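These notes concern the structure reproduced below.
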Amino acid sequence: MSTLATKLVVDGLLTAGFGVQHSILATVRVKARAAKWWRVQAIEWRTVESVVNVAYILIAASLWQGTDVVVWSAGGALRPILWAVVGLSWLWYWQLHLFEYDAGLAFGSTTLINRVEHRKAPALVPWKIGSRRWIRFPVHTAFFGMFLAFPTMTADLLVLGLVANAYNVIGSVLYDQRLVRLSGEKYRRYMDVTGLIWPPVYRALAGAKSLTMPSPAHWNRPLRHVPGLILGIGAGFFYWMFLGHVMHAPFDMLKAAIAGLVVSAVGGVLLGVVDQLGVFGRPSENWDDRQTQLSTSDAVMAAVAVVTWIVLNLVHVGAAPGFGVFLPMWFIVQYLGHVAAYFGTRLVGAESPQHRVQRTDEQLVKAGSSV
């Protein structure tokens, strides 16, 4: 087998391996075993999935076999059009996690925090806002532009795009089937008026408009997320100063992971402190809403940091850093930043349920003694 063929086989296996492990961890059977053996409920299992996914991407990117073989190279007016498709697809991917999903629930940080607080894990509630009114998995739709629209497509990138999107379709179908088993008729009604990855233009032009579904509240007070915007811009400059322009070398991946951990810890704690102090509005007294607000602010910080870093790379170097680098960095900050924000709220006076119960018991004892 030639050197090129060997590299492409390795890249194909690395890409397919992500899909295999992702699907195995997401199966109902594995989640049932986790609940039985470790008392980890299905929604809490998302934490394990997120950690494994990030670790896999970091390892796979470090082992990636890049090639110089160009499959196609678009020129003329087509080139900027394709770059626009790639850029808008990535921006749409982050927009979905900011506006159309509860990022804390989607990645499992909220359920981890609830477990620490001895609270029941909240349900993963579907919303019909934005593109989710027509498409059940719009994140998976974005993958096509993210990985298949490069103006200059090398052989290894083409393998990545083809294998990743083949699994993208298969994984969407499998996830759809799991949701049918878990949610039953309610989800079937949503399926009838939406498309899996593409909108149902011919059979349901209005999408899920007529369905009654919960409305999200994580952007009803946009000022709450200004700290995430400010910290995200600052974190982007930190990435540029600490990392500069990096690709997929193992040492670069290690530095990227360290940078993500630093932003998660420092930025997350600052988010929690600012939120608890009420600098941009009084914190919500509803626990679940509070975590949704915190995870959304952290999502803003995580996405803006990466986008700022990419823009700085484009301005100074003329090329973006490797997406195998910045994608796991975004995951790390998205997850751990929310956890750090929770601990940040504790630094400036927020009480845990255990402390509130203990304080109430002490007050009752004092009241009884005075009588």
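Each chain in the structure tokens gets a letter, A, B and so on, in the order shown; residues start at 1 in every chain, and ligands are counted from 1 in the order they appear.
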
So which residues of segment 91-178 of chain A fall under helix (DSSP H, G or I) by DSSP, listed as JSON, numbers by chain?
-> {"A": [91, 92, 93, 94, 95, 96, 97, 98, 99, 100, 103, 104, 105, 106, 107, 109, 110, 111, 112, 113, 114, 115, 116, 130, 131, 132, 133, 138, 139, 140, 141, 142, 143, 144, 145, 146, 147, 148, 155, 156, 157, 158, 159, 160, 161, 162, 163, 164, 165, 166, 167, 168, 169, 170, 171, 172, 173, 174, 175, 176, 177, 178]}

Polymer residues at most 12 Å from Asp176 of chain A, only C-alpha atoms, same-chain spacing of 3 or more positions, as number ranges by chain = A: 26-27, 135-137, 169-173, 179-184, 187-188, 190-191, 194-197

Could you give me, as a ChimeraX atom specification, each residue of segment 58-264 of chain A that DSSP assigns to strand (DSSP E) when run on this structure's backbone?
-> /A:70-73,152-154

Write out, as a PDB file, in the first residue's frame, the residues just selected, with C-alpha atoms.
ATOM      1  CA  VAL A  70      -4.999  18.615  -3.813  1.00  0.00           C
ATOM      2  CA  VAL A  71      -8.282  17.102  -5.022  1.00  0.00           C
ATOM      3  CA  TRP A  72      -9.676  20.433  -6.172  1.00  0.00           C
ATOM      4  CA  SER A  73      -8.808  24.103  -5.870  1.00  0.00           C
ATOM      5  CA  THR A 152      -8.829  23.989  -1.623  1.00  0.00           C
ATOM      6  CA  MET A 153      -9.618  20.396  -0.747  1.00  0.00           C
ATOM      7  CA  THR A 154      -6.749  18.055   0.044  1.00  0.00           C
TER       8      THR A 154
END

Which residue out of A:Gly260, A:Pro199, A:Gly108, A:Gly228 has the minimum interatomic distance to Phe326 of chain A when only C-alpha atoms are used?
->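 Of A:Gly260, A:Pro199, A:Gly108, A:Gly228, the one nearest Phe326 of chain A is A:Gly260, counting only C-alpha atoms.
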
Could I get the residues of segment 290-350 of chain A with an atom no further than 10 Å from an atom of segment 87-104 of chain A, each paired with its nearest atom pair and that distance in Å to one decimal, using only C-alpha atoms, sorted by chain and residue number, as JSON lines?
{"residue": "A:Gln291", "atom": "CA", "partner": "A:Gly104", "partner_atom": "CA", "distance": 7.4}
{"residue": "A:Thr292", "atom": "CA", "partner": "A:Asp102", "partner_atom": "CA", "distance": 6.3}
{"residue": "A:Gln293", "atom": "CA", "partner": "A:Asp102", "partner_atom": "CA", "distance": 9.0}
{"residue": "A:Leu294", "atom": "CA", "partner": "A:Gly104", "partner_atom": "CA", "distance": 8.4}
{"residue": "A:Ser295", "atom": "CA", "partner": "A:Gly104", "partner_atom": "CA", "distance": 5.1}
{"residue": "A:Thr296", "atom": "CA", "partner": "A:Leu98", "partner_atom": "CA", "distance": 6.2}
{"residue": "A:Ser297", "atom": "CA", "partner": "A:Leu98", "partner_atom": "CA", "distance": 8.6}
{"residue": "A:Asp298", "atom": "CA", "partner": "A:Ala103", "partner_atom": "CA", "distance": 8.9}
{"residue": "A:Ala299", "atom": "CA", "partner": "A:Leu98", "partner_atom": "CA", "distance": 6.0}
{"residue": "A:Val300", "atom": "CA", "partner": "A:Leu98", "partner_atom": "CA", "distance": 6.6}
{"residue": "A:Ala302", "atom": "CA", "partner": "A:Trp94", "partner_atom": "CA", "distance": 9.3}
{"residue": "A:Ala303", "atom": "CA", "partner": "A:Trp94", "partner_atom": "CA", "distance": 6.3}
{"residue": "A:Val304", "atom": "CA", "partner": "A:Trp94", "partner_atom": "CA", "distance": 9.1}
{"residue": "A:Val307", "atom": "CA", "partner": "A:Leu91", "partner_atom": "CA", "distance": 8.4}
{"residue": "A:Trp330", "atom": "CA", "partner": "A:Trp94", "partner_atom": "CA", "distance": 9.5}
{"residue": "A:Gln334", "atom": "CA", "partner": "A:Ala103", "partner_atom": "CA", "distance": 7.7}
{"residue": "A:Tyr335", "atom": "CA", "partner": "A:Gly104", "partner_atom": "CA", "distance": 7.2}
{"residue": "A:His338", "atom": "CA", "partner": "A:Gly104", "partner_atom": "CA", "distance": 7.3}
{"residue": "A:Val339", "atom": "CA", "partner": "A:Gly104", "partner_atom": "CA", "distance": 9.3}

Given only C-alpha atoms, how would the per-residue table for segment 267-356 of chain A near segment 42-62 of chain A read, listing every residue at most 8 Å away with its closest atom pair and distance in Å to one decimal, sorted by chain and number, as a Markdown table?
| residue | atom | partner | partner_atom | distance |
| --- | --- | --- | --- | --- |
| A:Gly324 | CA | A:Ala61 | CA | 5.4 |
| A:Val325 | CA | A:Ala61 | CA | 7.4 |
| A:Pro328 | CA | A:Val54 | CA | 5.5 |
| A:Phe331 | CA | A:Val54 | CA | 6.7 |
| A:Ile332 | CA | A:Val54 | CA | 7.3 |

Could you save those same residues with C-alpha atoms as a tab-separated table (two decimals), in the first residue's frame?
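Result file part_33.tsv:
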chain	number	residue	atom	x	y	z
A	324	GLY	CA	-8.93	20.01	15.09
A	325	VAL	CA	-7.39	22.48	17.53
A	328	PRO	CA	-11.99	20.78	21.25
A	331	PHE	CA	-15.83	22.11	23.90
A	332	ILE	CA	-13.53	22.44	26.92

Would you mind telling me which residue in A:Val86, A:Val274, A:Leu254, A:Leu157 lies nearest to Phe343 of chain A when using only C-alpha atoms?
->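 Checking each candidate against Phe343 of chain A, we get A:Val274 as the closest.
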
Among listed residues A:His218, A:Lys128, A:Arg133, A:Phe251, nearest Trp198 of chain A (using only C-alpha atoms) |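 With only C-alpha atoms as the atom set, the closest residue is A:Arg133.
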
Got a sec: who's within 12 Å of Leu78 of chain A, counting only C-alpha atoms, leaving out chain neighbours fewer than 5 positions off, as a ChimeraX atom specification?
-> /A:73,83-85,149-152
